[in-house]
Every structure is written in structure tokens, then in C-alpha cells.
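Coordinates as given in model_39.pdb (PDB, C-alpha atoms):
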ATOM      1  CA  MET A   1       2.489 -21.779   3.315
ATOM      2  CA  ILE A   2       2.151 -18.564   5.281
ATOM      3  CA  THR A   3       0.734 -19.019   8.782
ATOM      4  CA  THR A   4      -1.920 -16.823  10.369
ATOM      5  CA  ALA A   5       0.691 -15.451  12.752
ATOM      6  CA  GLU A   6       2.918 -14.458   9.815
ATOM      7  CA  ILE A   7      -0.009 -12.749   8.111
ATOM      8  CA  PHE A   8      -0.698 -10.639  11.194
ATOM      9  CA  LYS A   9       3.008  -9.945  11.708
ATOM     10  CA  SER A  10       3.050  -8.520   8.184
ATOM     11  CA  LEU A  11       0.661  -5.834   9.448
ATOM     12  CA  ALA A  12       2.818  -4.957  12.447
ATOM     13  CA  ASP A  13       4.494  -1.977  10.800
ATOM     14  CA  ASP A  14       3.204   1.591  10.431
ATOM     15  CA  THR A  15       4.569   2.020   6.910
ATOM     16  CA  ARG A  16       2.911  -1.156   5.667
ATOM     17  CA  LEU A  17      -0.399  -0.175   7.243
ATOM     18  CA  ARG A  18      -0.195   3.294   5.682
ATOM     19  CA  LEU A  19       0.467   1.711   2.275
ATOM     20  CA  LEU A  20      -2.544  -0.583   2.609
ATOM     21  CA  ILE A  21      -4.758   2.377   3.498
ATOM     22  CA  LEU A  22      -3.588   4.295   0.428
ATOM     23  CA  LEU A  23      -4.327   1.275  -1.765
ATOM     24  CA  GLN A  24      -7.829   0.685  -0.416
ATOM     25  CA  GLY A  25     -10.915   0.862  -2.567
ATOM     26  CA  GLY A  26      -9.377  -0.581  -5.702
ATOM     27  CA  SER A  27      -6.714   2.103  -6.073
ATOM     28  CA  GLU A  28      -3.598   1.202  -8.035
ATOM     29  CA  HIS A  29      -0.446   3.257  -7.642
ATOM     30  CA  CYS A  30       3.132   3.135  -8.817
ATOM     31  CA  VAL A  31       5.982   3.206  -6.344
ATOM     32  CA  CYS A  32       6.698   6.885  -7.035
ATOM     33  CA  ASP A  33       3.113   7.855  -6.102
ATOM     34  CA  LEU A  34       3.484   6.087  -2.777
ATOM     35  CA  MET A  35       6.943   7.583  -2.176
ATOM     36  CA  HIS A  36       5.478  11.076  -2.419
ATOM     37  CA  ALA A  37       2.510  10.224  -0.220
ATOM     38  CA  LEU A  38       4.601   8.756   2.590
ATOM     39  CA  GLU A  39       7.589  11.055   2.064
ATOM     40  CA  ALA A  40       9.871   8.033   2.103
ATOM     41  CA  PRO A  41      12.679   6.851  -0.184
ATOM     42  CA  GLN A  42      12.051   4.415  -3.016
ATOM     43  CA  SER A  43      14.020   1.649  -1.309
ATOM     44  CA  THR A  44      11.837   1.813   1.807
ATOM     45  CA  ILE A  45       8.564   1.848  -0.111
ATOM     46  CA  SER A  46       9.654  -0.954  -2.471
ATOM     47  CA  ARG A  47      10.809  -3.140   0.418
ATOM     48  CA  HIS A  48       7.487  -2.776   2.251
ATOM     49  CA  LEU A  49       5.441  -3.317  -0.919
ATOM     50  CA  ALA A  50       7.396  -6.496  -1.666
ATOM     51  CA  TYR A  51       6.813  -7.702   1.893
ATOM     52  CA  LEU A  52       3.061  -7.078   1.632
ATOM     53  CA  LYS A  53       2.941  -8.814  -1.733
ATOM     54  CA  ARG A  54       4.891 -11.809  -0.412
ATOM     55  CA  HIS A  55       2.341 -12.149   2.415
ATOM     56  CA  GLY A  56      -0.636 -12.016   0.069
ATOM     57  CA  TRP A  57      -1.970  -8.511   0.711
ATOM     58  CA  LEU A  58      -1.002  -6.961  -2.628
ATOM     59  CA  GLN A  59      -0.781  -7.746  -6.298
ATOM     60  CA  ASP A  60       1.413  -5.971  -8.798
ATOM     61  CA  ARG A  61       1.708  -5.422 -12.504
ATOM     62  CA  ARG A  62       4.442  -4.017 -14.663
ATOM     63  CA  GLY A  63       3.590  -1.003 -16.795
ATOM     64  CA  GLY A  64       6.617  -0.182 -18.925
ATOM     65  CA  THR A  65       9.472   0.398 -16.517
ATOM     66  CA  TRP A  66       7.219   0.966 -13.505
ATOM     67  CA  MET A  67       5.558  -1.373 -11.055
ATOM     68  CA  TYR A  68       1.979  -0.714 -10.011
ATOM     69  CA  TYR A  69       0.493  -2.100  -6.817
ATOM     70  CA  SER A  70      -3.065  -2.695  -5.665
ATOM     71  CA  LEU A  71      -4.827  -4.745  -3.014
ATOM     72  CA  ASN A  72      -4.988  -8.428  -3.823
ATOM     73  CA  GLN A  73      -8.455  -8.993  -5.289
ATOM     74  CA  GLU A  74      -8.281 -12.665  -4.298
ATOM     75  CA  LEU A  75      -7.929 -12.145  -0.535
ATOM     76  CA  ASP A  76      -9.975 -14.686   1.355
ATOM     77  CA  SER A  77     -13.004 -13.379   3.217
ATOM     78  CA  PHE A  78     -11.342 -13.560   6.646
ATOM     79  CA  LEU A  79      -8.365 -11.431   5.564
ATOM     80  CA  ARG A  80     -10.607  -8.999   3.685
ATOM     81  CA  ALA A  81     -12.681  -8.532   6.867
ATOM     82  CA  GLN A  82      -9.534  -7.898   8.906
ATOM     83  CA  LEU A  83      -8.360  -5.334   6.395
ATOM     84  CA  VAL A  84     -11.711  -3.527   6.488
ATOM     85  CA  LEU A  85     -11.458  -3.310  10.283
ATOM     86  CA  ILE A  86      -7.903  -2.013  10.157
ATOM     87  CA  ILE A  87      -8.659   0.563   7.488
ATOM     88  CA  SER A  88     -11.802   1.794   9.244
ATOM     89  CA  ARG A  89      -9.788   2.281  12.439
ATOM     90  CA  LEU A  90      -6.717   3.964  10.944
ATOM     91  CA  ALA A  91      -7.848   5.819   7.814
ATOM     92  CA  SER A  92      -9.162   8.771   9.788
ATOM     93  CA  THR A  93      -5.974   9.307  11.802
ATOM     94  CA  GLU A  94      -4.044  12.517  11.224
ATOM     95  CA  VAL A  95      -1.076  10.675   9.685
ATOM     96  CA  CYS A  96      -3.227   8.752   7.193
ATOM     97  CA  ARG A  97      -5.269  11.819   6.267
ATOM     98  CA  ALA A  98      -2.010  13.682   5.578
ATOM     99  CA  ASP A  99      -0.731  10.755   3.466
ATOM    100  CA  SER A 100      -3.927  10.797   1.440
ATOM    101  CA  GLN A 101      -3.776  14.558   0.967
ATOM    102  CA  ARG A 102      -0.150  14.400  -0.212
ATOM    103  CA  LEU A 103      -1.038  11.598  -2.615
ATOM    104  CA  ASN A 104      -4.007  13.488  -4.071
ATOM    105  CA  THR A 105      -1.986  16.691  -4.452
ATOM    106  CA  TYR A 106       0.841  14.810  -6.132
ATOM    107  CA  LEU A 107      -1.486  12.947  -8.514
ATOM    108  CA  LYS A 108      -3.131  16.206  -9.616
ATOM    109  CA  SER A 109       0.234  17.717 -10.550
ATOM    110  CA  LYS A 110       1.885  14.568 -11.932
ATOM    111  CA  ASP A 111       2.621  14.171 -15.627
ATOM    112  CA  GLN A 112       0.885  10.846 -16.322
ATOM    113  CA  SER A 113       3.476   9.837 -18.926
ATOM    114  CA  THR A 114       6.312   9.847 -16.422
ATOM    115  CA  CYS A 115       6.871   8.498 -12.988
ATOM    116  CA  GLY A 116       9.111  10.070 -10.391
TER
END

Could you show the structure in this file as C-alpha cells?
Amino acid sequence: MITTAEIFKSLADDTRLRLLILLQGGSEHCVCDLMHALEAPQSTISRHLAYLKRHGWLQDRRGGTWMYYSLNQELDSFLRAQLVLIISRLASTEVCRADSQRLNTYLKSKDQSTCG
């Protein structure tokens, strides 16, 4: 069982927080989408996504050869409230706005049949 301290420690990383912000509002993205948004290598993004999933923040699904991630729809109400507070505080920062802009630009130009 994951303790409350471990849950909050899982949020103690800028990359993980940026990923959660990009996945807010029911968004689902493959690893390559998130790589482009954060301008980070696949290994870094995958490691942080796996960490967030292991600590209950994310869910994933396989679509062909790609993994897609979204916020865990079964988060308990306390964790959901914490996430809302975090997102409302950080989503408007310059870094997170730039991440979102890069993601939107990438998604507009991306061939939906391929990833990467």
C-alpha cells in the first residue's frame, strides 16, 4: 500500500508535475506527444509516466505499439482535490504554458497514424 507521504513525494518533481498538467481535463496522450511538449527524451518521459502510474495518478492503455496515458479516473476525492489545487497553481506558469503550446502545435502537425 502506498502511504500518503509516498503519494506526495511522487509530486516532488517538476517533470512529473508538468506531465500531470498536460494530462488534465481528460486528455490522453502517447509518449511521443509528451516528449515533444516537454522537449525531453523518451526514456525520461517514460520513466516519469511509469512512476506516476505506479503511485496511482495515471492510467494507461496500449494502442498498437504505443502507450497512451491519462489521469486516473478512479482517484479518490482527496487526491483529486490536491491535483486540482496543484494544476490551478502551476498551469499558468510560463513553463507550463510553453509546454501546452508545444503540445498543441505538435498535435496539429502530427500524422495521426504514426507516433514519433

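Nearest to Gly25 in chain A of all the residues A:Arg61, A:Lys108, A:Arg80, A:Lys9 is A:Arg80, counting all atoms listed in the file.
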
Check: Counting all atoms listed in the file, which of A:Gln73, A:Gly56, A:Thr105, A:Trp66 gets nearest to Thr3 in chain A?
Finding: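 Of A:Gln73, A:Gly56, A:Thr105, A:Trp66, the one nearest Thr3 in chain A is A:Gly56, counting all atoms listed in the file.
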
Next item on the list: Kindly give the distance, in Å, that separates CA of Val84 in chain A and CA of Lys110 in chain A, rounded to a single decimal.
Entry: 29.2 Å

Test item: residues at most 9 Å from Leu49 in chain A, only C-alpha atoms, excluding those fewer than 5 positions along its chain, as a compact mmCIF listing (two decimals) with C-alpha atoms, keeping the file's coordinate frame:
# COMPACT_ATOMS: atom_id res chain seq x y z
CA ARG A 16 2.91 -1.16 5.67
CA LEU A 19 0.47 1.71 2.28
CA VAL A 31 5.98 3.21 -6.34
CA THR A 44 11.84 1.81 1.81
CA ARG A 54 4.89 -11.81 -0.41
CA LEU A 58 -1.00 -6.96 -2.63
CA TYR A 69 0.49 -2.10 -6.82

Next item on the list: For the structure provided, state which residues fall under the PyMOL selection byres ((chain A and resi 91-101) around 7), and present them as a list in words.
Entry: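 Against this file, the PyMOL selection byres ((chain A and resi 91-101) around 7) returns the residues Arg18, Ile21, Leu22, Ala37, Leu38, Ile87, Ser88, Arg89, Leu90, Arg102, Leu103, Asn104 and Thr105 of chain A.
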
Next item on the list: For Met67 in chain A, list every protein, DNA or RNA residue within 10 Å, evaluated using all atoms listed in the file, and leave out those in the same chain fewer than 2 positions away; present the list as a PyMOL selection string.
Entry: chain A and resi 28-32+46+60-65+69

What would the file look like if the residues just selected were written as an mmCIF file, in the coordinates of the input with C-alpha atoms?
data_model
loop_
_atom_site.group_PDB
_atom_site.id
_atom_site.type_symbol
_atom_site.label_atom_id
_atom_site.label_comp_id
_atom_site.auth_asym_id
_atom_site.auth_seq_id
_atom_site.Cartn_x
_atom_site.Cartn_y
_atom_site.Cartn_z
ATOM 1 C CA GLU A 28 -3.598 1.202 -8.035
ATOM 2 C CA HIS A 29 -0.446 3.257 -7.642
ATOM 3 C CA CYS A 30 3.132 3.135 -8.817
ATOM 4 C CA VAL A 31 5.982 3.206 -6.344
ATOM 5 C CA CYS A 32 6.698 6.885 -7.035
ATOM 6 C CA SER A 46 9.654 -0.954 -2.471
ATOM 7 C CA ASP A 60 1.413 -5.971 -8.798
ATOM 8 C CA ARG A 61 1.708 -5.422 -12.504
ATOM 9 C CA ARG A 62 4.442 -4.017 -14.663
ATOM 10 C CA GLY A 63 3.590 -1.003 -16.795
ATOM 11 C CA GLY A 64 6.617 -0.182 -18.925
ATOM 12 C CA THR A 65 9.472 0.398 -16.517
ATOM 13 C CA TYR A 69 0.493 -2.100 -6.817
#

Checklist line | Two-atom distance - CA of Ile2 in chain A, CA of Lys53 in chain A (Å) | finding: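 Interatomic distance here is 12.0 Å.
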
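Look at Leu20 in chain A: the protein and nucleic acid residues within 9 Å of it, using all atoms listed in the file and passing over chain neighbours fewer than 4 places away, are A:Thr15, A:Arg16, A:Gln24, A:Leu52, A:Trp57, A:Leu58, A:Ser70, A:Leu71, A:Leu83, A:Ile87.
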
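With CA of Glu6 in chain A on one side and CA of His55 in chain A on the other, the separation reads 7.8 Å.
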
Could you give me range 47-78 of chain A completed to N, CA and C atoms, formatted as a compact mmCIF listing (two decimals), in the coordinates of the input?
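Ended up saving to part07.txt:
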# COMPACT_ATOMS: atom_id res chain seq x y z
N ARG A 47 10.60 -2.02 -0.52
CA ARG A 47 10.81 -3.14 0.42
C ARG A 47 9.50 -3.51 1.11
N HIS A 48 8.75 -2.50 1.56
CA HIS A 48 7.49 -2.78 2.25
C HIS A 48 6.43 -3.31 1.29
N LEU A 49 6.39 -2.80 0.07
CA LEU A 49 5.44 -3.32 -0.92
C LEU A 49 5.74 -4.78 -1.24
N ALA A 50 7.01 -5.11 -1.39
CA ALA A 50 7.40 -6.50 -1.67
C ALA A 50 7.00 -7.41 -0.50
N TYR A 51 7.18 -6.93 0.70
CA TYR A 51 6.81 -7.70 1.89
C TYR A 51 5.31 -7.97 1.91
N LEU A 52 4.52 -6.92 1.65
CA LEU A 52 3.06 -7.08 1.63
C LEU A 52 2.62 -8.02 0.51
N LYS A 53 3.28 -7.92 -0.61
CA LYS A 53 2.94 -8.81 -1.73
C LYS A 53 3.27 -10.26 -1.37
N ARG A 54 4.45 -10.47 -0.80
CA ARG A 54 4.89 -11.81 -0.41
C ARG A 54 3.92 -12.45 0.58
N HIS A 55 3.26 -11.63 1.41
CA HIS A 55 2.34 -12.15 2.42
C HIS A 55 0.89 -12.12 1.94
N GLY A 56 0.69 -11.86 0.66
CA GLY A 56 -0.64 -12.02 0.07
C GLY A 56 -1.55 -10.81 0.08
N TRP A 57 -1.10 -9.69 0.62
CA TRP A 57 -1.97 -8.51 0.71
C TRP A 57 -2.08 -7.74 -0.60
N LEU A 58 -1.04 -7.77 -1.42
CA LEU A 58 -1.00 -6.96 -2.63
C LEU A 58 -0.79 -7.80 -3.87
N GLN A 59 -1.14 -7.21 -4.99
CA GLN A 59 -0.78 -7.75 -6.30
C GLN A 59 -0.07 -6.62 -7.04
N ASP A 60 0.71 -6.99 -8.04
CA ASP A 60 1.41 -5.97 -8.80
C ASP A 60 1.30 -6.25 -10.28
N ARG A 61 1.63 -5.25 -11.06
CA ARG A 61 1.71 -5.42 -12.50
C ARG A 61 2.77 -4.45 -13.00
N ARG A 62 3.42 -4.87 -14.05
CA ARG A 62 4.44 -4.02 -14.66
C ARG A 62 3.77 -3.20 -15.76
N GLY A 63 4.06 -1.90 -15.75
CA GLY A 63 3.59 -1.00 -16.80
C GLY A 63 4.80 -0.26 -17.34
N GLY A 64 5.38 -0.76 -18.41
CA GLY A 64 6.62 -0.18 -18.92
C GLY A 64 7.74 -0.47 -17.95
N THR A 65 8.37 0.58 -17.47
CA THR A 65 9.47 0.40 -16.52
C THR A 65 9.01 0.50 -15.07
N TRP A 66 7.72 0.75 -14.86
CA TRP A 66 7.22 0.97 -13.50
C TRP A 66 6.39 -0.20 -13.01
N MET A 67 6.39 -0.37 -11.71
CA MET A 67 5.56 -1.37 -11.06
C MET A 67 4.38 -0.66 -10.41
N TYR A 68 3.21 -1.24 -10.59
CA TYR A 68 1.98 -0.71 -10.01
C TYR A 68 1.44 -1.73 -9.02
N TYR A 69 0.97 -1.23 -7.88
CA TYR A 69 0.49 -2.10 -6.82
C TYR A 69 -0.96 -1.79 -6.50
N SER A 70 -1.69 -2.83 -6.12
CA SER A 70 -3.06 -2.70 -5.66
C SER A 70 -3.34 -3.81 -4.66
N LEU A 71 -4.46 -3.69 -3.95
CA LEU A 71 -4.83 -4.74 -3.01
C LEU A 71 -5.11 -6.02 -3.79
N ASN A 72 -4.75 -7.13 -3.21
CA ASN A 72 -4.99 -8.43 -3.82
C ASN A 72 -6.50 -8.67 -3.90
N GLN A 73 -7.02 -8.79 -5.09
CA GLN A 73 -8.46 -8.99 -5.29
C GLN A 73 -8.90 -10.40 -4.90
N GLU A 74 -7.95 -11.28 -4.65
CA GLU A 74 -8.28 -12.66 -4.30
C GLU A 74 -8.06 -12.97 -2.82
N LEU A 75 -8.05 -11.91 -1.98
CA LEU A 75 -7.93 -12.14 -0.54
C LEU A 75 -9.11 -12.97 -0.06
N ASP A 76 -8.84 -13.92 0.84
CA ASP A 76 -9.98 -14.69 1.36
C ASP A 76 -10.83 -13.79 2.25
N SER A 77 -12.03 -14.22 2.52
CA SER A 77 -13.00 -13.38 3.22
C SER A 77 -12.54 -12.99 4.62
N PHE A 78 -11.83 -13.88 5.31
CA PHE A 78 -11.34 -13.56 6.65
C PHE A 78 -10.33 -12.41 6.60
